[in-house]
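Text of work.txt (compact mmCIF, C-alpha atoms) as supplied:
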```txt
# COMPACT_ATOMS: atom_id res chain seq x y z
CA GLU W 7 -18.25 8.18 -7.60
CA SER W 8 -14.97 9.65 -8.82
CA ASP W 9 -11.85 7.55 -9.28
CA LYS W 10 -10.10 9.58 -6.59
CA GLY W 11 -12.82 8.77 -4.06
CA LYS W 12 -12.49 5.05 -4.76
CA VAL W 13 -8.72 5.07 -4.29
CA ASN W 14 -8.83 7.03 -1.05
CA SER W 15 -11.19 4.47 0.47
CA PHE W 16 -8.49 1.80 0.75
CA LEU W 17 -7.31 2.88 4.19
CA GLU W 18 -6.58 -0.62 5.56
CA GLU W 19 -4.42 -1.51 2.54
CA ARG W 20 -2.63 1.83 2.92
CA LYS W 21 -1.97 1.20 6.63
CA ASP W 22 -0.65 -2.31 6.00
CA LEU W 23 1.57 -1.24 3.12
CA ALA W 24 2.99 1.75 5.00
CA ALA W 25 3.77 -0.55 7.94
CA ALA W 26 5.55 -2.98 5.58
CA TYR W 27 7.71 -0.15 4.23
CA GLN W 28 8.66 0.86 7.78
CA TRP W 29 9.42 -2.73 8.82
CA CYS W 30 11.46 -3.35 5.67
CA GLU W 31 13.53 -0.30 6.59
CA ARG W 32 13.98 -1.55 10.16
CA CYS W 33 15.13 -4.94 8.82
CA GLY W 34 17.56 -3.39 6.33
CA PHE W 35 15.62 -4.58 3.27
CA HIS W 36 15.69 -1.17 1.59
CA GLU W 37 18.10 1.15 -0.15
CA GLY W 38 16.91 4.40 1.32
CA VAL W 39 14.31 5.56 -1.17
CA ASP W 40 14.52 2.92 -3.92
CA ASN W 41 12.73 -0.39 -4.43
CA HIS W 42 8.99 -0.79 -4.23
CA LEU W 43 6.20 -2.50 -2.38
CA SER W 44 2.72 -2.42 -3.91
CA VAL W 45 -0.87 -3.45 -3.39
CA MET W 46 -3.39 -3.84 -6.17
CA VAL W 47 -6.62 -2.31 -4.92
CA ALA W 48 -9.94 -3.73 -6.09
CA THR W 49 -11.10 -1.04 -8.45
CA SER W 50 -12.00 -1.03 -12.10
CA PRO W 51 -9.85 -0.10 -13.86
CA PRO W 52 -7.11 -1.50 -11.59
CA ARG W 53 -5.20 0.84 -9.34
CA PHE W 54 -2.04 0.19 -7.39
CA LEU W 55 -0.69 1.66 -4.17
CA ILE W 56 3.07 2.30 -4.28
CA ASN W 57 5.69 4.60 -2.78
CA PRO W 58 6.49 8.03 -4.17
CA ARG W 59 10.00 8.57 -5.46
CA GLY W 60 12.28 10.17 -2.90
CA ARG W 61 10.43 9.34 0.33
CA HIS W 62 12.51 7.32 2.78
CA TRP W 63 10.84 4.08 3.83
CA SER W 64 11.16 4.94 7.52
CA ARG W 65 8.87 7.93 6.86
CA MET W 66 6.22 6.10 4.85
CA THR W 67 2.67 6.78 6.01
CA PRO W 68 -0.68 5.65 4.62
CA ASP W 69 -1.41 9.08 3.16
CA ALA W 70 2.05 9.32 1.56
CA LEU W 71 1.40 6.33 -0.70
CA LEU W 72 0.50 6.99 -4.31
CA ALA W 73 -2.33 5.40 -6.22
CA ILE W 74 -1.19 4.80 -9.80
CA ASP W 75 -2.83 3.48 -12.94
CA GLU W 76 -1.58 0.70 -15.22
CA GLN W 77 0.82 3.08 -16.97
CA GLY W 78 2.35 4.31 -13.72
CA ASN W 79 0.59 7.67 -13.78
CA THR W 80 -0.27 9.12 -10.38
CA ILE W 81 -4.04 9.09 -9.87
CA ASP W 82 -4.00 10.09 -6.21
CA GLY W 83 -1.22 11.42 -4.01
CA ASP W 84 1.72 13.76 -4.21
CA GLY W 85 4.64 12.84 -6.43
CA GLU W 86 5.49 10.10 -8.87
CA ALA W 87 6.65 6.51 -8.59
CA LEU W 88 10.15 5.71 -9.82
CA ARG W 89 9.52 4.27 -13.32
CA THR W 90 10.98 0.83 -12.57
CA GLY W 91 8.36 0.23 -9.86
CA PRO W 92 5.26 0.34 -12.05
CA THR W 93 7.10 -1.52 -14.83
CA ILE W 94 7.80 -4.53 -12.61
CA HIS W 95 4.80 -4.40 -10.27
CA VAL W 96 1.93 -3.76 -12.66
CA ALA W 97 2.98 -6.65 -14.91
CA ILE W 98 3.16 -9.07 -11.97
CA HIS W 99 -0.17 -7.91 -10.55
CA GLN W 100 -1.83 -8.30 -13.95
CA MET W 101 -0.29 -11.64 -14.99
CA HIS W 102 -0.76 -13.29 -11.60
CA PRO W 103 -4.21 -12.69 -10.06
CA ARG W 104 -3.02 -14.21 -6.76
CA ALA W 105 -0.49 -11.36 -6.47
CA LYS W 106 -2.56 -8.75 -4.68
CA VAL W 107 0.68 -7.66 -2.97
CA VAL W 108 4.10 -7.44 -4.64
CA LEU W 109 7.19 -6.69 -2.56
CA HIS W 110 10.44 -5.97 -4.41
CA THR W 111 13.61 -5.32 -2.45
CA HIS W 112 17.36 -5.49 -2.81
CA MET W 113 17.90 -6.98 0.63
CA PRO W 114 21.64 -7.59 1.02
CA TYR W 115 21.97 -11.34 1.55
CA ALA W 116 19.30 -12.40 -0.94
CA THR W 117 20.63 -9.95 -3.50
CA ALA W 118 24.12 -11.38 -2.98
CA LEU W 119 22.74 -14.79 -3.98
CA THR W 120 21.37 -13.27 -7.20
CA MET W 121 24.90 -12.17 -8.11
CA LEU W 122 26.37 -15.67 -7.88
CA GLU W 123 26.37 -17.91 -10.91
CA GLY W 124 23.93 -20.68 -10.05
CA GLY W 125 22.99 -18.91 -6.79
CA ARG W 126 20.04 -20.82 -5.36
CA ILE W 127 18.34 -21.30 -2.02
CA GLU W 128 18.70 -24.95 -1.15
CA PRO W 129 16.03 -26.52 1.11
CA VAL W 130 18.56 -27.79 3.64
CA GLU W 131 17.32 -26.14 6.81
CA GLN W 132 14.01 -25.29 8.43
CA ASN W 133 13.57 -21.75 7.11
CA ALA W 134 14.47 -22.71 3.54
CA ILE W 135 12.11 -25.71 3.40
CA ARG W 136 9.06 -23.45 3.38
CA PHE W 137 10.21 -22.16 -0.02
CA HIS W 138 10.71 -25.58 -1.61
CA ASN W 139 9.27 -25.40 -5.16
CA LYS W 140 8.08 -21.82 -4.54
CA ILE W 141 11.04 -19.85 -5.94
CA ALA W 142 11.63 -18.93 -9.57
CA TYR W 143 15.00 -17.73 -10.82
CA ASP W 144 15.59 -15.23 -13.59
CA ASP W 145 19.21 -15.67 -14.63
CA GLU W 146 19.17 -12.80 -17.14
CA TYR W 147 19.88 -9.22 -16.18
CA ASN W 148 18.73 -6.68 -18.74
CA GLY W 149 19.48 -3.50 -16.79
CA LEU W 150 16.87 -1.16 -15.39
CA ALA W 151 13.28 -2.27 -15.98
CA LEU W 152 12.16 0.80 -17.85
CA ASP W 153 9.81 -0.67 -20.44
CA ASP W 154 6.73 -2.84 -20.32
CA ASP W 155 8.44 -5.70 -22.20
CA GLU W 156 10.94 -6.10 -19.37
CA GLY W 157 8.14 -6.00 -16.81
CA HIS W 158 6.22 -8.71 -18.67
CA ARG W 159 9.40 -10.79 -19.10
CA ASN W 160 9.99 -10.64 -15.33
CA ALA W 161 6.35 -11.50 -14.58
CA SER W 162 6.42 -14.47 -16.96
CA LYS W 163 9.55 -15.86 -15.25
CA LEU W 164 7.65 -15.89 -11.94
CA GLY W 165 5.22 -18.48 -13.32
CA ASN W 166 3.29 -20.26 -10.57
CA LYS W 167 5.92 -19.47 -7.90
CA LYS W 168 5.56 -16.76 -5.27
CA VAL W 169 9.18 -15.60 -5.11
CA ILE W 170 11.59 -14.69 -7.89
CA PHE W 171 15.29 -14.09 -7.54
CA GLN W 172 16.30 -11.64 -10.29
CA ALA W 173 19.90 -11.98 -11.48
CA ASN W 174 22.11 -9.14 -10.26
CA HIS W 175 19.05 -7.27 -9.09
CA GLY W 176 17.00 -8.38 -6.13
CA VAL W 177 14.03 -10.39 -4.97
CA VAL W 178 10.29 -10.13 -5.63
CA VAL W 179 7.71 -11.78 -3.38
CA ASP W 180 3.99 -11.84 -4.04
CA GLY W 181 1.11 -12.70 -1.78
CA PRO W 182 -2.60 -12.37 -1.13
CA ASN W 183 -2.06 -9.74 1.56
CA VAL W 184 0.72 -7.63 3.03
CA ALA W 185 1.25 -9.82 6.12
CA GLU W 186 1.80 -13.05 4.16
CA ALA W 187 3.98 -11.44 1.52
CA PHE W 188 6.09 -9.72 4.18
CA ASP W 189 6.49 -12.97 6.12
CA ASP W 190 7.82 -14.65 2.95
```

Rendering of file as structure tokens:
Amino acid sequence: ESDKGKVNSFLEERKDLAAAYQWCERCGFHEGVDNHLSVMVATSPPRFLINPRGRHWSRMTPDALLAIDEQGNTIDGDGEALRTGPTIHVAIHQMHPRAKVVLHTHMPYATALTMLEGGRIEPVEQNAIRFHNKIAYDDEYNGLALDDDEGHRNASKLGNKKVIFQANHGVVVDGPNVAEAFDD
């Protein structure tokens, strides 16, 4: 079976991921066409579903998603992913087997915390308690994640946590499926 046939068979993952893009847009967790949400699909070699550059999240559909390889090359779909997406996502997917889904956004309030020196979520109320000991913090900002070294550095900072606040950048959440990652 061709690689393209394998990728196209992941309709449920495509539906869930497209829905997450649309809900992130509705919740204001996007910046129009930037940021990325991804799913690692169970193929060998690994393939990843991600958004094409330039498509607004409110218009994301299952068939609009790209399937990319480990280098960020489009294997299936129309367009290309913005380079920073594969750099961050592929490294996290590969270094953390639990991370079938990786959601990276610049949602306004969480991103504001990443811009404060010592900005941390404190477990002082009900919604924050669920993240106790589950958040990593990367206090270094190295600019756009355009090379694999930066992707691997980010992924290593995540460690055994499921959320990472990236200094002056945004938030990454991983999970075993789209629903759980989106909920976090």

What's the 9 Å shell around Pro182 of chain W, counting all atoms listed in the file, without same-chain residues fewer than 2 positions away, as a PDB file with C-alpha atoms, keeping the file's coordinate frame?
```
ATOM      1  CA  ARG W 104      -3.020 -14.210  -6.760  1.00  0.00           C
ATOM      2  CA  ALA W 105      -0.490 -11.360  -6.470  1.00  0.00           C
ATOM      3  CA  LYS W 106      -2.560  -8.750  -4.680  1.00  0.00           C
ATOM      4  CA  VAL W 107       0.680  -7.660  -2.970  1.00  0.00           C
ATOM      5  CA  ASP W 180       3.990 -11.840  -4.040  1.00  0.00           C
ATOM      6  CA  VAL W 184       0.720  -7.630   3.030  1.00  0.00           C
ATOM      7  CA  ALA W 185       1.250  -9.820   6.120  1.00  0.00           C
ATOM      8  CA  GLU W 186       1.800 -13.050   4.160  1.00  0.00           C
ATOM      9  CA  ALA W 187       3.980 -11.440   1.520  1.00  0.00           C
TER      10      ALA W 187
END
```

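The closest residue to Gly157 of chain W, picked from W:Ile135, W:Ile94, W:Leu17, W:Ala70 and counting all atoms listed in the file, is W:Ile94.
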
Inset, instruction - Would you kindly return, as a list of chain:residue names, each protein, DNA or RNA residue with an atom no farther than 12 Å from any atom of Glu128 of chain W, considering only C-alpha atoms and excluding same-chain residues fewer than 2 positions away? - result: W:Leu119, W:Gly124, W:Gly125, W:Arg126, W:Val130, W:Glu131, W:Gln132, W:Asn133, W:Ala134, W:Ile135, W:Arg136, W:Phe137, W:His138, W:Asn139, W:Lys140, W:Ile141

Write out, as JSON lines, each residue of segment 80-187 of chain W that has an atom at most 12 Å from segment 42-48 of chain W, together with the closest pair of atoms and their distance in Å to one decimal, counting all atoms listed in the file, rows going by chain and rising number.
```
{"residue": "W:Ala87", "atom": "CA", "partner": "W:His42", "partner_atom": "CA", "distance": 8.8}
{"residue": "W:Leu88", "atom": "CA", "partner": "W:His42", "partner_atom": "CA", "distance": 8.7}
{"residue": "W:Arg89", "atom": "CA", "partner": "W:His42", "partner_atom": "CA", "distance": 10.4}
{"residue": "W:Thr90", "atom": "CA", "partner": "W:His42", "partner_atom": "CA", "distance": 8.7}
{"residue": "W:Gly91", "atom": "CA", "partner": "W:His42", "partner_atom": "CA", "distance": 5.8}
{"residue": "W:Pro92", "atom": "CA", "partner": "W:His42", "partner_atom": "CA", "distance": 8.7}
{"residue": "W:Thr93", "atom": "CA", "partner": "W:His42", "partner_atom": "CA", "distance": 10.8}
{"residue": "W:Ile94", "atom": "CA", "partner": "W:His42", "partner_atom": "CA", "distance": 9.3}
{"residue": "W:His95", "atom": "CA", "partner": "W:Ser44", "partner_atom": "CA", "distance": 7.0}
{"residue": "W:Val96", "atom": "CA", "partner": "W:Met46", "partner_atom": "CA", "distance": 8.4}
{"residue": "W:Ala97", "atom": "CA", "partner": "W:Met46", "partner_atom": "CA", "distance": 11.2}
{"residue": "W:Ile98", "atom": "CA", "partner": "W:Met46", "partner_atom": "CA", "distance": 10.2}
{"residue": "W:His99", "atom": "CA", "partner": "W:Met46", "partner_atom": "CA", "distance": 6.8}
{"residue": "W:Gln100", "atom": "CA", "partner": "W:Met46", "partner_atom": "CA", "distance": 9.1}
{"residue": "W:His102", "atom": "CA", "partner": "W:Met46", "partner_atom": "CA", "distance": 11.2}
{"residue": "W:Pro103", "atom": "CA", "partner": "W:Met46", "partner_atom": "CA", "distance": 9.7}
{"residue": "W:Arg104", "atom": "CA", "partner": "W:Met46", "partner_atom": "CA", "distance": 10.4}
{"residue": "W:Ala105", "atom": "CA", "partner": "W:Met46", "partner_atom": "CA", "distance": 8.1}
{"residue": "W:Lys106", "atom": "CA", "partner": "W:Met46", "partner_atom": "CA", "distance": 5.2}
{"residue": "W:Val107", "atom": "CA", "partner": "W:Val45", "partner_atom": "CA", "distance": 4.5}
{"residue": "W:Val108", "atom": "CA", "partner": "W:Ser44", "partner_atom": "CA", "distance": 5.3}
{"residue": "W:Leu109", "atom": "CA", "partner": "W:Leu43", "partner_atom": "CA", "distance": 4.3}
{"residue": "W:His110", "atom": "CA", "partner": "W:His42", "partner_atom": "CA", "distance": 5.4}
{"residue": "W:Thr111", "atom": "CA", "partner": "W:His42", "partner_atom": "CA", "distance": 6.7}
{"residue": "W:His112", "atom": "CA", "partner": "W:His42", "partner_atom": "CA", "distance": 9.7}
{"residue": "W:Met113", "atom": "CA", "partner": "W:His42", "partner_atom": "CA", "distance": 11.9}
{"residue": "W:Gly176", "atom": "CA", "partner": "W:His42", "partner_atom": "CA", "distance": 11.2}
{"residue": "W:Val177", "atom": "CA", "partner": "W:His42", "partner_atom": "CA", "distance": 10.9}
{"residue": "W:Val178", "atom": "CA", "partner": "W:Leu43", "partner_atom": "CA", "distance": 9.2}
{"residue": "W:Val179", "atom": "CA", "partner": "W:Leu43", "partner_atom": "CA", "distance": 9.5}
{"residue": "W:Asp180", "atom": "CA", "partner": "W:Ser44", "partner_atom": "CA", "distance": 9.5}
{"residue": "W:Gly181", "atom": "CA", "partner": "W:Val45", "partner_atom": "CA", "distance": 9.6}
{"residue": "W:Pro182", "atom": "CA", "partner": "W:Val45", "partner_atom": "CA", "distance": 9.4}
{"residue": "W:Asn183", "atom": "CA", "partner": "W:Val45", "partner_atom": "CA", "distance": 8.1}
{"residue": "W:Val184", "atom": "CA", "partner": "W:Val45", "partner_atom": "CA", "distance": 7.8}
{"residue": "W:Ala185", "atom": "CA", "partner": "W:Val45", "partner_atom": "CA", "distance": 11.6}
{"residue": "W:Ala187", "atom": "CA", "partner": "W:Leu43", "partner_atom": "CA", "distance": 10.0}
```

Output for the residues just chosen: C-alpha atoms as a compact mmCIF listing (two decimals), in the frame of the given file:
```txt
# COMPACT_ATOMS: atom_id res chain seq x y z
CA ALA W 87 6.65 6.51 -8.59
CA LEU W 88 10.15 5.71 -9.82
CA ARG W 89 9.52 4.27 -13.32
CA THR W 90 10.98 0.83 -12.57
CA GLY W 91 8.36 0.23 -9.86
CA PRO W 92 5.26 0.34 -12.05
CA THR W 93 7.10 -1.52 -14.83
CA ILE W 94 7.80 -4.53 -12.61
CA HIS W 95 4.80 -4.40 -10.27
CA VAL W 96 1.93 -3.76 -12.66
CA ALA W 97 2.98 -6.65 -14.91
CA ILE W 98 3.16 -9.07 -11.97
CA HIS W 99 -0.17 -7.91 -10.55
CA GLN W 100 -1.83 -8.30 -13.95
CA HIS W 102 -0.76 -13.29 -11.60
CA PRO W 103 -4.21 -12.69 -10.06
CA ARG W 104 -3.02 -14.21 -6.76
CA ALA W 105 -0.49 -11.36 -6.47
CA LYS W 106 -2.56 -8.75 -4.68
CA VAL W 107 0.68 -7.66 -2.97
CA VAL W 108 4.10 -7.44 -4.64
CA LEU W 109 7.19 -6.69 -2.56
CA HIS W 110 10.44 -5.97 -4.41
CA THR W 111 13.61 -5.32 -2.45
CA HIS W 112 17.36 -5.49 -2.81
CA MET W 113 17.90 -6.98 0.63
CA GLY W 176 17.00 -8.38 -6.13
CA VAL W 177 14.03 -10.39 -4.97
CA VAL W 178 10.29 -10.13 -5.63
CA VAL W 179 7.71 -11.78 -3.38
CA ASP W 180 3.99 -11.84 -4.04
CA GLY W 181 1.11 -12.70 -1.78
CA PRO W 182 -2.60 -12.37 -1.13
CA ASN W 183 -2.06 -9.74 1.56
CA VAL W 184 0.72 -7.63 3.03
CA ALA W 185 1.25 -9.82 6.12
CA ALA W 187 3.98 -11.44 1.52
```

Inset, instruction - Quote the spacing between atom CA of Gln172 of chain W and atom CA of Asp189 of chain W in Å to one decimal place. - result: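 Straight-line distance from atom CA of Gln172 of chain W to atom CA of Asp189 of chain W works out to 19.2 Å.
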
Counting only C-alpha atoms, I want the residues whose atoms come within 6 Å of (6.5, 3.8, 2.8) in the file frame, returned as a PDB file with C-alpha atoms, in the coordinates of the input.
```pdb
ATOM      1  CA  ALA W  24       2.990   1.750   5.000  1.00  0.00           C
ATOM      2  CA  TYR W  27       7.710  -0.150   4.230  1.00  0.00           C
ATOM      3  CA  ASN W  57       5.690   4.600  -2.780  1.00  0.00           C
ATOM      4  CA  TRP W  63      10.840   4.080   3.830  1.00  0.00           C
ATOM      5  CA  MET W  66       6.220   6.100   4.850  1.00  0.00           C
ATOM      6  CA  THR W  67       2.670   6.780   6.010  1.00  0.00           C
TER       7      THR W  67
END
```

Inset, instruction - Using all atoms listed in the file, determine which residues lie at most 8 Å from Ala118 of chain W, disregarding the query and same-chain residues fewer than 4 positions distant; provide the list as a PyMOL selection string. - result: chain W and resi 114+122+174

Inset, instruction - Quote the spacing between atom CA of Gly165 of chain W and atom CA of Arg20 of chain W in Å to one decimal place. - result: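 If I compute the distance from atom CA of Gly165 of chain W to atom CA of Arg20 of chain W, I get 27.2 Å.
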
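Relative to atom CA of Arg32 of chain W, atom CA of Leu152 of chain W is found at 28.2 Å.
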
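Omitting Ala73 of chain W and its sequence neighbours fewer than 3 positions away, and counting all atoms listed in the file, the residues within 6 Å are Phe54, Leu55, Thr80, Ile81 and Asp82 of chain W.
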
Inset, instruction - Using all atoms listed in the file, find the one residue out of W:Asp144, W:Gln77, W:Ala173, W:Ala161 that sits nearest to Met121 of chain W. - result: W:Ala173

Once you add 8 Å to each side, what are the centre and edge lengths of the axis-aligned box holding all listed atoms of segment 100-115 of chain W? One decimal in Å, as AutoDock Vina command-line options, if you can.
```
--center_x 8.9 --center_y -9.8 --center_z -6.7 --size_x 42.2 --size_y 24.9 --size_z 32.5
```

Legend entry - Among listed residues W:Glu31, W:Asp153, W:Glu19, W:Glu37, nearest Leu72 of chain W (using all atoms listed in the file):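 Once distances to Leu72 of chain W are computed over all atoms listed in the file, the minimum belongs to W:Glu19.
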
Contacts of Leu164 of chain W at 8 Å or less, counting all atoms listed in the file, minus same-chain residues fewer than 5 places along, as a PDB file with C-alpha atoms, keeping the file's coordinate frame?
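As written to disk, out-v4.pdb reads:
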```pdb
ATOM      1  CA  ILE W 141      11.040 -19.850  -5.940  1.00  0.00           C
ATOM      2  CA  ALA W 142      11.630 -18.930  -9.570  1.00  0.00           C
ATOM      3  CA  TYR W 143      15.000 -17.730 -10.820  1.00  0.00           C
ATOM      4  CA  VAL W 169       9.180 -15.600  -5.110  1.00  0.00           C
ATOM      5  CA  ILE W 170      11.590 -14.690  -7.890  1.00  0.00           C
TER       6      ILE W 170
END
```
